[in-house]
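Content type PDB, C-alpha atoms, from the file data.pdb:
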ATOM      1  CA  MET A   1     -84.263  45.834 -17.976
ATOM      2  CA  VAL A   2     -81.767  46.973 -15.360
ATOM      3  CA  MET A   3     -78.386  45.221 -15.410
ATOM      4  CA  PRO A   4     -76.810  44.339 -12.054
ATOM      5  CA  PRO A   5     -73.666  46.214 -11.166
ATOM      6  CA  LEU A   6     -70.361  44.715 -12.381
ATOM      7  CA  ALA A   7     -68.550  42.581  -9.881
ATOM      8  CA  ALA A   8     -64.960  43.312  -9.015
ATOM      9  CA  ALA A   9     -63.663  40.266 -10.859
ATOM     10  CA  GLY A  10     -66.262  40.308 -13.664
ATOM     11  CA  VAL A  11     -69.945  39.828 -14.503
ATOM     12  CA  LEU A  12     -72.136  36.867 -15.073
ATOM     13  CA  ALA A  13     -73.202  36.136 -18.654
ATOM     14  CA  MET A  14     -76.060  33.861 -19.596
ATOM     15  CA  GLY A  15     -76.464  31.856 -22.734
ATOM     16  CA  GLU A  16     -77.947  28.659 -23.972
ATOM     17  CA  GLY A  17     -76.169  25.403 -24.287
ATOM     18  CA  GLY A  18     -77.275  22.401 -26.199
ATOM     19  CA  GLY A  19     -80.963  21.636 -25.630
ATOM     20  CA  GLY A  20     -81.782  25.181 -24.487
ATOM     21  CA  ILE A  21     -80.169  24.747 -21.064
ATOM     22  CA  PRO A  22     -78.895  28.055 -19.760
ATOM     23  CA  ILE A  23     -75.173  28.252 -19.046
ATOM     24  CA  ILE A  24     -73.755  30.712 -16.589
ATOM     25  CA  SER A  25     -70.107  31.597 -16.980
ATOM     26  CA  GLU A  26     -67.875  34.189 -15.446
ATOM     27  CA  VAL A  27     -66.847  37.069 -17.703
ATOM     28  CA  SER A  28     -63.914  39.329 -16.946
ATOM     29  CA  GLN A  29     -64.136  43.085 -16.992
ATOM     30  CA  GLU A  30     -62.685  43.048 -20.534
ATOM     31  CA  GLY A  31     -65.494  40.698 -21.597
ATOM     32  CA  ARG A  32     -63.336  37.463 -21.872
ATOM     33  CA  LEU A  33     -64.093  34.215 -20.130
ATOM     34  CA  THR A  34     -61.671  33.314 -17.371
ATOM     35  CA  GLU A  35     -60.012  29.866 -17.410
ATOM     36  CA  HIS A  36     -61.577  27.774 -14.698
ATOM     37  CA  ASP A  37     -58.938  25.080 -15.228
ATOM     38  CA  LEU A  38     -56.035  27.391 -14.348
ATOM     39  CA  PRO A  39     -55.544  25.883 -10.877
ATOM     40  CA  THR A  40     -55.332  22.441 -12.507
ATOM     41  CA  ASN A  41     -52.568  23.629 -14.862
ATOM     42  CA  VAL A  42     -50.675  25.166 -11.979
ATOM     43  CA  ASP A  43     -50.883  21.912 -10.005
ATOM     44  CA  ALA A  44     -49.601  19.923 -13.024
ATOM     45  CA  SER A  45     -46.695  22.331 -13.467
ATOM     46  CA  ASN A  46     -45.762  22.018  -9.798
ATOM     47  CA  LEU A  47     -45.961  18.231 -10.050
ATOM     48  CA  LYS A  48     -43.578  18.219 -13.015
ATOM     49  CA  LYS A  49     -41.111  20.421 -11.135
ATOM     50  CA  ARG A  50     -41.218  18.107  -8.126
ATOM     51  CA  SER A  51     -40.714  15.077 -10.389
ATOM     52  CA  TRP A  52     -37.625  16.639 -11.970
ATOM     53  CA  ARG A  53     -36.257  17.510  -8.558
ATOM     54  CA  LEU A  54     -36.532  13.856  -7.575
ATOM     55  CA  LEU A  55     -35.263  12.553 -10.914
ATOM     56  CA  ALA A  56     -32.233  14.831 -11.253
ATOM     57  CA  PRO A  57     -30.298  13.373  -8.265
ATOM     58  CA  GLY A  58     -30.974   9.888  -9.596
ATOM     59  CA  ILE A  59     -29.574  10.789 -13.017
ATOM     60  CA  VAL A  60     -26.497  12.425 -11.492
ATOM     61  CA  GLY A  61     -25.939   9.497  -9.134
ATOM     62  CA  GLY A  62     -26.328   6.936 -11.909
ATOM     63  CA  THR A  63     -23.875   8.851 -14.087
ATOM     64  CA  LEU A  64     -21.287   8.956 -11.309
ATOM     65  CA  VAL A  65     -21.657   5.218 -10.686
ATOM     66  CA  ALA A  66     -21.205   4.502 -14.401
ATOM     67  CA  VAL A  67     -18.114   6.719 -14.606
ATOM     68  CA  TYR A  68     -16.681   5.038 -11.504
ATOM     69  CA  ALA A  69     -17.301   1.560 -12.924
ATOM     70  CA  VAL A  70     -15.598   2.424 -16.217
ATOM     71  CA  ALA A  71     -12.690   4.441 -14.796
ATOM     72  CA  THR A  72     -11.756   2.211 -11.856
ATOM     73  CA  PRO A  73     -10.094  -0.593 -13.910
ATOM     74  CA  PHE A  74      -7.933   2.030 -15.637
ATOM     75  CA  LEU A  75      -6.953   3.854 -12.432
ATOM     76  CA  THR A  76      -6.348   0.955 -10.031
ATOM     77  CA  PRO A  77      -3.012  -0.097 -11.638
ATOM     78  CA  ALA A  78      -1.553   3.210 -10.487
ATOM     79  CA  PHE A  79      -2.168   2.190  -6.862
ATOM     80  CA  ARG A  80      -0.538  -1.225  -7.140
ATOM     81  CA  LYS A  81       2.939  -1.985  -5.897
ATOM     82  CA  ILE A  82       4.019  -2.540  -9.491
ATOM     83  CA  CYS A  83       2.182  -0.167 -11.812
ATOM     84  CA  LEU A  84       1.533  -1.559 -15.302
ATOM     85  CA  PRO A  85      -0.546   1.119 -17.058
ATOM     86  CA  PHE A  86      -2.325   0.631 -20.354
ATOM     87  CA  VAL A  87      -0.309   2.169 -23.200
ATOM     88  CA  PRO A  88      -1.400   1.038 -26.696
ATOM     89  CA  ALA A  89       1.298  -0.552 -28.846
ATOM     90  CA  THR A  90       2.394   1.474 -31.838
ATOM     91  CA  SER A  91       2.304   0.086 -35.372
ATOM     92  CA  ASN A  92       6.126  -0.041 -35.386
ATOM     93  CA  GLN A  93       6.166  -2.034 -32.156
ATOM     94  CA  ILE A  94       3.688  -4.532 -33.563
ATOM     95  CA  GLU A  95       5.752  -4.855 -36.741
ATOM     96  CA  ASN A  96       8.938  -5.431 -34.735
ATOM     97  CA  VAL A  97       7.252  -8.092 -32.613
ATOM     98  CA  LEU A  98       6.116  -9.908 -35.740
ATOM     99  CA  LYS A  99       9.690  -9.772 -37.064
ATOM    100  CA  MET A 100      10.837 -11.628 -33.958
ATOM    101  CA  LEU A 101       8.141 -14.248 -34.536
ATOM    102  CA  ARG A 102       9.197 -15.110 -38.086
ATOM    103  CA  CYS A 103       9.966 -18.781 -38.659
ATOM    104  CA  ARG A 104       8.283 -19.613 -35.380
ATOM    105  CA  SER A 105       4.979 -21.324 -34.662
ATOM    106  CA  GLY A 106       2.922 -22.727 -31.830
ATOM    107  CA  SER A 107       1.171 -20.849 -29.078
ATOM    108  CA  LEU A 108       1.681 -17.224 -28.102
ATOM    109  CA  VAL A 109       0.758 -15.282 -24.982
ATOM    110  CA  ASP A 110       0.709 -11.526 -24.513
ATOM    111  CA  ILE A 111       1.167 -10.628 -20.845
ATOM    112  CA  GLY A 112      -0.922  -7.536 -20.222
ATOM    113  CA  SER A 113      -2.644  -7.639 -23.615
ATOM    114  CA  GLY A 114      -4.357  -4.231 -23.343
ATOM    115  CA  ASP A 115      -6.718  -3.724 -26.270
ATOM    116  CA  GLY A 116      -5.572  -6.938 -27.952
ATOM    117  CA  ARG A 117      -3.453  -5.538 -30.786
ATOM    118  CA  ILE A 118      -0.544  -7.965 -30.421
ATOM    119  CA  VAL A 119      -2.795 -10.995 -29.948
ATOM    120  CA  ILE A 120      -4.912 -10.144 -32.986
ATOM    121  CA  ALA A 121      -1.844  -9.490 -35.151
ATOM    122  CA  ALA A 122      -0.316 -12.812 -34.081
ATOM    123  CA  ALA A 123      -3.580 -14.669 -34.735
ATOM    124  CA  LYS A 124      -3.578 -13.302 -38.285
ATOM    125  CA  GLU A 125      -0.121 -14.855 -38.710
ATOM    126  CA  GLY A 126      -1.442 -18.263 -37.701
ATOM    127  CA  PHE A 127      -0.492 -18.367 -34.010
ATOM    128  CA  ARG A 128      -2.828 -19.663 -31.331
ATOM    129  CA  ALA A 129      -2.730 -16.392 -29.468
ATOM    130  CA  VAL A 130      -3.878 -15.701 -25.917
ATOM    131  CA  GLY A 131      -3.978 -12.457 -23.984
ATOM    132  CA  TYR A 132      -4.105 -11.973 -20.218
ATOM    133  CA  GLU A 133      -5.354  -8.598 -19.010
ATOM    134  CA  LEU A 134      -6.526  -7.392 -15.617
ATOM    135  CA  ASN A 135      -8.864  -4.712 -16.989
ATOM    136  CA  PRO A 136     -12.234  -6.329 -17.892
ATOM    137  CA  TRP A 137     -13.261  -3.449 -20.182
ATOM    138  CA  LEU A 138     -10.139  -3.966 -22.293
ATOM    139  CA  VAL A 139     -10.741  -7.712 -22.415
ATOM    140  CA  TRP A 140     -14.308  -7.246 -23.681
ATOM    141  CA  TYR A 141     -13.122  -4.704 -26.220
ATOM    142  CA  SER A 142     -10.347  -7.070 -27.356
ATOM    143  CA  ARG A 143     -12.872  -9.856 -27.893
ATOM    144  CA  TYR A 144     -15.019  -7.515 -29.955
ATOM    145  CA  ARG A 145     -12.012  -6.467 -32.058
ATOM    146  CA  ALA A 146     -11.021 -10.090 -32.629
ATOM    147  CA  TRP A 147     -14.562 -10.862 -33.779
ATOM    148  CA  ARG A 148     -14.594  -7.807 -36.044
ATOM    149  CA  GLU A 149     -11.198  -8.772 -37.535
ATOM    150  CA  GLY A 150     -12.402 -12.328 -38.135
ATOM    151  CA  VAL A 151      -9.821 -14.033 -35.872
ATOM    152  CA  HIS A 152     -11.972 -14.754 -32.814
ATOM    153  CA  ASP A 153     -11.289 -18.489 -33.257
ATOM    154  CA  GLY A 154      -7.540 -17.970 -32.957
ATOM    155  CA  ALA A 155      -7.471 -15.126 -30.416
ATOM    156  CA  THR A 156      -8.556 -15.667 -26.817
ATOM    157  CA  PHE A 157      -8.586 -13.193 -23.956
ATOM    158  CA  TYR A 158      -8.827 -13.730 -20.210
ATOM    159  CA  VAL A 159      -9.292 -11.427 -17.231
ATOM    160  CA  SER A 160      -6.475 -12.496 -14.950
ATOM    161  CA  ASP A 161      -3.511 -11.342 -12.901
ATOM    162  CA  LEU A 162      -0.253 -12.282 -14.641
ATOM    163  CA  TRP A 163       1.317 -13.359 -11.356
ATOM    164  CA  LYS A 164      -1.398 -15.989 -10.877
ATOM    165  CA  VAL A 165      -1.005 -17.574 -14.320
ATOM    166  CA  SER A 166       1.472 -20.242 -15.379
ATOM    167  CA  PHE A 167       3.043 -19.630 -18.800
ATOM    168  CA  SER A 168       4.619 -23.060 -19.129
ATOM    169  CA  GLN A 169       2.319 -24.053 -22.010
ATOM    170  CA  TYR A 170       3.382 -21.213 -24.313
ATOM    171  CA  THR A 171       6.293 -21.249 -26.744
ATOM    172  CA  ASN A 172       6.175 -17.504 -27.495
ATOM    173  CA  VAL A 173       5.781 -14.865 -24.801
ATOM    174  CA  VAL A 174       5.320 -11.122 -25.407
ATOM    175  CA  ILE A 175       5.521  -8.557 -22.640
ATOM    176  CA  PHE A 176       5.150  -4.767 -22.609
ATOM    177  CA  GLY A 177       6.537  -4.286 -19.137
ATOM    178  CA  VAL A 178       7.939  -1.603 -16.865
ATOM    179  CA  PRO A 179      11.373  -1.663 -15.208
ATOM    180  CA  GLN A 180       9.942  -2.350 -11.723
ATOM    181  CA  MET A 181       8.392  -5.663 -12.760
ATOM    182  CA  MET A 182      11.057  -7.080 -15.056
ATOM    183  CA  PRO A 183      13.342  -8.703 -12.418
ATOM    184  CA  GLN A 184      10.463 -10.590 -10.797
ATOM    185  CA  LEU A 185       8.978 -11.590 -14.161
ATOM    186  CA  GLU A 186      12.403 -12.747 -15.313
ATOM    187  CA  LYS A 187      12.559 -15.239 -12.447
ATOM    188  CA  LYS A 188       9.000 -16.427 -13.053
ATOM    189  CA  LEU A 189       9.521 -17.098 -16.766
ATOM    190  CA  GLN A 190      12.896 -18.733 -16.180
ATOM    191  CA  LEU A 191      11.230 -21.273 -13.917
ATOM    192  CA  GLU A 192       8.127 -21.920 -16.030
ATOM    193  CA  LEU A 193       9.119 -21.851 -19.705
ATOM    194  CA  GLU A 194      10.313 -24.823 -21.737
ATOM    195  CA  ASP A 195      13.655 -24.872 -23.548
ATOM    196  CA  ASP A 196      12.137 -24.062 -26.952
ATOM    197  CA  ALA A 197      10.364 -20.886 -25.834
ATOM    198  CA  ARG A 198      11.115 -17.333 -26.906
ATOM    199  CA  VAL A 199      10.420 -14.235 -24.819
ATOM    200  CA  ILE A 200       9.920 -10.897 -26.590
ATOM    201  CA  ALA A 201      10.207  -7.769 -24.461
ATOM    202  CA  CYS A 202       8.976  -4.395 -25.672
ATOM    203  CA  ARG A 203       9.966  -0.919 -24.395
ATOM    204  CA  PHE A 204      12.146  -2.280 -21.563
ATOM    205  CA  PRO A 205      14.595  -5.233 -21.587
ATOM    206  CA  PHE A 206      15.094  -7.820 -18.884
ATOM    207  CA  PRO A 207      17.829  -6.826 -16.423
ATOM    208  CA  HIS A 208      19.967  -9.976 -16.426
ATOM    209  CA  TRP A 209      19.253 -11.883 -19.626
ATOM    210  CA  ILE A 210      21.367 -11.295 -22.722
ATOM    211  CA  PRO A 211      19.106 -10.815 -25.781
ATOM    212  CA  ASP A 212      19.612 -13.046 -28.808
ATOM    213  CA  HIS A 213      18.080 -10.509 -31.193
ATOM    214  CA  ILE A 214      17.330  -6.775 -31.070
ATOM    215  CA  THR A 215      15.333  -4.703 -33.534
ATOM    216  CA  GLY A 216      13.856  -1.199 -33.629
ATOM    217  CA  GLU A 217      14.901   2.069 -32.041
ATOM    218  CA  GLY A 218      13.784   4.144 -29.081
ATOM    219  CA  ILE A 219      10.419   3.177 -27.631
ATOM    220  CA  ASP A 220       9.911   0.794 -30.561
ATOM    221  CA  THR A 221      12.914  -1.346 -29.578
ATOM    222  CA  VAL A 222      12.167  -5.044 -29.142
ATOM    223  CA  TRP A 223      14.415  -7.613 -27.451
ATOM    224  CA  ALA A 224      14.119 -11.363 -28.107
ATOM    225  CA  TYR A 225      15.383 -13.954 -25.631
ATOM    226  CA  ASP A 226      15.572 -17.668 -26.384
ATOM    227  CA  SER A 227      14.964 -19.784 -23.316
ATOM    228  CA  LYS A 228      17.798 -22.170 -24.180
ATOM    229  CA  ALA A 229      20.185 -19.303 -23.593
ATOM    230  CA  PHE A 230      18.863 -17.975 -20.305
ATOM    231  CA  LYS A 231      18.048 -21.421 -18.949
ATOM    232  CA  GLY A 232      21.500 -22.600 -19.979
ATOM    233  CA  SER A 233      23.117 -19.666 -18.222
ATOM    234  CA  GLU A 234      21.244 -20.640 -15.083
ATOM    235  CA  LYS A 235      22.497 -24.233 -15.318
ATOM    236  CA  ASN A 236      26.066 -23.125 -16.008
ATOM    237  CA  CYS A 237      26.240 -20.792 -13.038
ATOM    238  CA  PRO A 238      28.531 -22.282 -10.400
ATOM    239  CA  LYS A 239      26.705 -23.329  -7.282
ATOM    240  CA  PRO A 240      27.880 -21.727  -4.045
ATOM    241  CA  MET A 241      30.232 -23.873  -1.982
ATOM    242  CA  PRO A 242      28.727 -25.244   1.220
ATOM    243  CA  LYS A 243      29.874 -23.588   4.387
ATOM    244  CA  VAL A 244      32.371 -25.568   6.408
ATOM    245  CA  HIS A 245      32.337 -25.049  10.125
ATOM    246  CA  LEU A 246      35.659 -25.481  11.825
ATOM    247  CA  TYR A 247      35.614 -26.603  15.393
TER     248      TYR A 247
END

Could you quickly redo this structure as structure tokens?
Amino acid sequence: MVMPPLAAAGVLAMGEGGGGIPIISEVSQEGRLTEHDLPTNVDASNLKKRSWRLLAPGIVGGTLVAVYAVATPFLTPAFRKICLPFVPATSNQIENVLKMLRCRSGSLVDIGSGDGRIVIAAAKEGFRAVGYELNPWLVWYSRYRAWREGVHDGATFYVSDLWKVSFSQYTNVVIFGVPQMMPQLEKKLQLELEDDARVIACRFPFPHWIPDHITGEGIDTVWAYDSKAFKGSEKNCPKPMPKVHLY
């Protein structure tokens, strides 16, 4: 029997499949069967590459949006007229604040409560403590911390601008301020607080009030102001004489 000449790509081999049906397959010059499904594998590989090319921009874009959403509340205070950045209170500052709250009771508000450290510490001492914070991420984290510390019933946090809130209902006020905001806040509290209130300033004192108590050193210094004193000084200030026009 004469075999046909070998083809360039290979020869044809015959065999029997199931049931005696002859099967013709292509054999390479080395005698191995070529993979007829190779084009299918190549198409699948190309499809995967195209899918990743479409998916990668979506992943990058989603990541950038997430970073923007998280970072914006922390960065926007720097662009305000009065910048009040988030700086966590130290353990010494918290201890000094609690010293100023000894023998006092009632409600307490932390203006710019940050991650809720002062509010949670005050709630543990039995105060009905409230924190106002403009950064929603910090407010949600503060609520989680209060729940974890077991004081979520006595510690409440709100997302709000301090200039849009009235503090007249609070008998204890804590503020970690900056020098640029203290004069304006001084006027606001002087108008809103009752005579039995106490204001506790951390890091920076109020410009015109005379503190009744001072404790701590350096950045841990805390000043306490009783409203009877600064409201009394306002009442005792002589009123300007009316102008008299001479004709």

CA of Ile111 in chain A and CA of Tyr158 in chain A, how far apart in Å?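 Computed distance, CA of Tyr158 in chain A to CA of Ile111 in chain A, equals 10.5 Å.
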
Report the residues retrieved by the PyMOL selection byres ((chain A and resi 159) around 12) from the displayed file, expressed as a PDB file with C-alpha atoms, in the coordinates of the input.
ATOM      1  CA  PRO A  73     -10.094  -0.593 -13.910  1.00  0.00           C
ATOM      2  CA  ILE A 111       1.167 -10.628 -20.845  1.00  0.00           C
ATOM      3  CA  GLY A 112      -0.922  -7.536 -20.222  1.00  0.00           C
ATOM      4  CA  SER A 113      -2.644  -7.639 -23.615  1.00  0.00           C
ATOM      5  CA  GLY A 114      -4.357  -4.231 -23.343  1.00  0.00           C
ATOM      6  CA  VAL A 130      -3.878 -15.701 -25.917  1.00  0.00           C
ATOM      7  CA  GLY A 131      -3.978 -12.457 -23.984  1.00  0.00           C
ATOM      8  CA  TYR A 132      -4.105 -11.973 -20.218  1.00  0.00           C
ATOM      9  CA  GLU A 133      -5.354  -8.598 -19.010  1.00  0.00           C
ATOM     10  CA  LEU A 134      -6.526  -7.392 -15.617  1.00  0.00           C
ATOM     11  CA  ASN A 135      -8.864  -4.712 -16.989  1.00  0.00           C
ATOM     12  CA  PRO A 136     -12.234  -6.329 -17.892  1.00  0.00           C
ATOM     13  CA  TRP A 137     -13.261  -3.449 -20.182  1.00  0.00           C
ATOM     14  CA  LEU A 138     -10.139  -3.966 -22.293  1.00  0.00           C
ATOM     15  CA  VAL A 139     -10.741  -7.712 -22.415  1.00  0.00           C
ATOM     16  CA  TRP A 140     -14.308  -7.246 -23.681  1.00  0.00           C
ATOM     17  CA  TYR A 141     -13.122  -4.704 -26.220  1.00  0.00           C
ATOM     18  CA  SER A 142     -10.347  -7.070 -27.356  1.00  0.00           C
ATOM     19  CA  ARG A 143     -12.872  -9.856 -27.893  1.00  0.00           C
ATOM     20  CA  THR A 156      -8.556 -15.667 -26.817  1.00  0.00           C
ATOM     21  CA  PHE A 157      -8.586 -13.193 -23.956  1.00  0.00           C
ATOM     22  CA  TYR A 158      -8.827 -13.730 -20.210  1.00  0.00           C
ATOM     23  CA  SER A 160      -6.475 -12.496 -14.950  1.00  0.00           C
ATOM     24  CA  ASP A 161      -3.511 -11.342 -12.901  1.00  0.00           C
ATOM     25  CA  LEU A 162      -0.253 -12.282 -14.641  1.00  0.00           C
ATOM     26  CA  LYS A 164      -1.398 -15.989 -10.877  1.00  0.00           C
ATOM     27  CA  VAL A 165      -1.005 -17.574 -14.320  1.00  0.00           C
TER      28      VAL A 165
END

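The interatomic distance for the pair CA of Arg198 in chain A and CA of Ser227 in chain A works out to 5.8 Å.
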
Choose the residue, out of A:Gln180, A:Ser107, A:Asn96, A:Thr90, that has the smallest atom-to-atom separation from Ile214 in chain A; count all atoms listed in the file.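 Looking only at the distances to Ile214 in chain A, the closest residue turns out to be A:Asn96.
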
Counting only C-alpha atoms, figure out which residue out of A:Glu186, A:Asp110, A:Glu149, A:Asp220 gets nearest to Arg203 in chain A.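 Closest residue, counting only C-alpha atoms: A:Asp220.
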
Would you please work out which residue, of A:Asp153, A:Asp115, A:Asp226, A:Glu125, is nearest to Asp195 in chain A when using only C-alpha atoms?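 Closest candidate: A:Asp226.
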
Could you check the closest approach to Asn92 in chain A for each of A:Arg117, A:Gly232, A:Phe127, A:Trp147 and tell me which residue wins, using all atoms listed in the file?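 Among A:Arg117, A:Gly232, A:Phe127, A:Trp147, it is A:Arg117 that comes nearest to Asn92 in chain A.
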
Could you pull the residues within 9 Å of Pro205 in chain A, counting only C-alpha atoms, minus those fewer than 2 positions along the same chain, as an NGL selection string? :A and (177-179 or 182 or 200-203 or 207-209 or 211 or 222-224)

Just give me the gap between CA of Ala229 in chain A and CA of Lys99 in chain A in Å, one decimal is fine. 19.6 Å

Reconstruct range 200-219 of chain A at the level of N, CA, C and O atoms, and format the result as a compact mmCIF listing (two decimals), in the coordinates of the input.
# COMPACT_ATOMS: atom_id res chain seq x y z
N ILE A 200 9.74 -12.15 -25.86
CA ILE A 200 9.92 -10.90 -26.59
C ILE A 200 9.50 -9.75 -25.67
O ILE A 200 8.35 -9.67 -25.25
N ALA A 201 10.46 -8.91 -25.35
CA ALA A 201 10.21 -7.77 -24.46
C ALA A 201 10.15 -6.49 -25.28
O ALA A 201 10.99 -6.26 -26.16
N CYS A 202 9.16 -5.67 -24.97
CA CYS A 202 8.98 -4.39 -25.67
C CYS A 202 9.13 -3.24 -24.68
O CYS A 202 8.70 -3.34 -23.54
N ARG A 203 9.74 -2.16 -25.15
CA ARG A 203 9.97 -0.92 -24.40
C ARG A 203 11.09 -1.03 -23.37
O ARG A 203 11.91 -0.14 -23.26
N PHE A 204 11.11 -2.13 -22.57
CA PHE A 204 12.15 -2.28 -21.56
C PHE A 204 12.68 -3.71 -21.60
O PHE A 204 11.91 -4.67 -21.66
N PRO A 205 14.02 -3.89 -21.57
CA PRO A 205 14.60 -5.23 -21.59
C PRO A 205 14.60 -5.86 -20.20
O PRO A 205 14.34 -5.19 -19.19
N PHE A 206 14.91 -7.14 -20.16
CA PHE A 206 15.09 -7.82 -18.88
C PHE A 206 16.47 -7.44 -18.33
O PHE A 206 17.42 -7.23 -19.08
N PRO A 207 16.59 -7.37 -17.01
CA PRO A 207 17.83 -6.83 -16.42
C PRO A 207 19.04 -7.74 -16.52
O PRO A 207 20.18 -7.26 -16.59
N HIS A 208 18.83 -9.06 -16.51
CA HIS A 208 19.97 -9.98 -16.43
C HIS A 208 20.15 -10.83 -17.68
O HIS A 208 21.27 -11.28 -17.94
N TRP A 209 19.13 -11.07 -18.42
CA TRP A 209 19.25 -11.88 -19.63
C TRP A 209 19.97 -11.12 -20.73
O TRP A 209 19.86 -9.89 -20.84
N ILE A 210 20.71 -11.87 -21.55
CA ILE A 210 21.37 -11.30 -22.72
C ILE A 210 20.49 -11.59 -23.94
O ILE A 210 20.20 -12.75 -24.23
N PRO A 211 20.01 -10.58 -24.65
CA PRO A 211 19.11 -10.82 -25.78
C PRO A 211 19.81 -11.51 -26.94
O PRO A 211 21.00 -11.26 -27.21
N ASP A 212 19.09 -12.38 -27.62
CA ASP A 212 19.61 -13.05 -28.81
C ASP A 212 19.40 -12.20 -30.05
O ASP A 212 20.15 -12.32 -31.03
N HIS A 213 18.37 -11.36 -30.04
CA HIS A 213 18.08 -10.51 -31.19
C HIS A 213 17.53 -9.18 -30.68
O HIS A 213 16.80 -9.14 -29.68
N ILE A 214 17.85 -8.11 -31.39
CA ILE A 214 17.33 -6.78 -31.07
C ILE A 214 16.92 -6.10 -32.37
O ILE A 214 17.66 -6.17 -33.37
N THR A 215 15.77 -5.45 -32.37
CA THR A 215 15.33 -4.70 -33.53
C THR A 215 14.58 -3.46 -33.08
O THR A 215 14.03 -3.42 -31.99
N GLY A 216 14.56 -2.44 -33.95
CA GLY A 216 13.86 -1.20 -33.63
C GLY A 216 14.73 -0.20 -32.90
O GLY A 216 15.87 -0.50 -32.49
N GLU A 217 14.19 0.99 -32.72
CA GLU A 217 14.90 2.07 -32.04
C GLU A 217 13.97 2.79 -31.08
O GLU A 217 12.75 2.83 -31.28
N GLY A 218 14.56 3.36 -30.04
CA GLY A 218 13.78 4.14 -29.08
C GLY A 218 12.71 3.31 -28.39
O GLY A 218 12.95 2.17 -27.99
N ILE A 219 11.51 3.89 -28.30
CA ILE A 219 10.42 3.18 -27.63
C ILE A 219 9.93 1.99 -28.45
O ILE A 219 9.18 1.14 -27.94
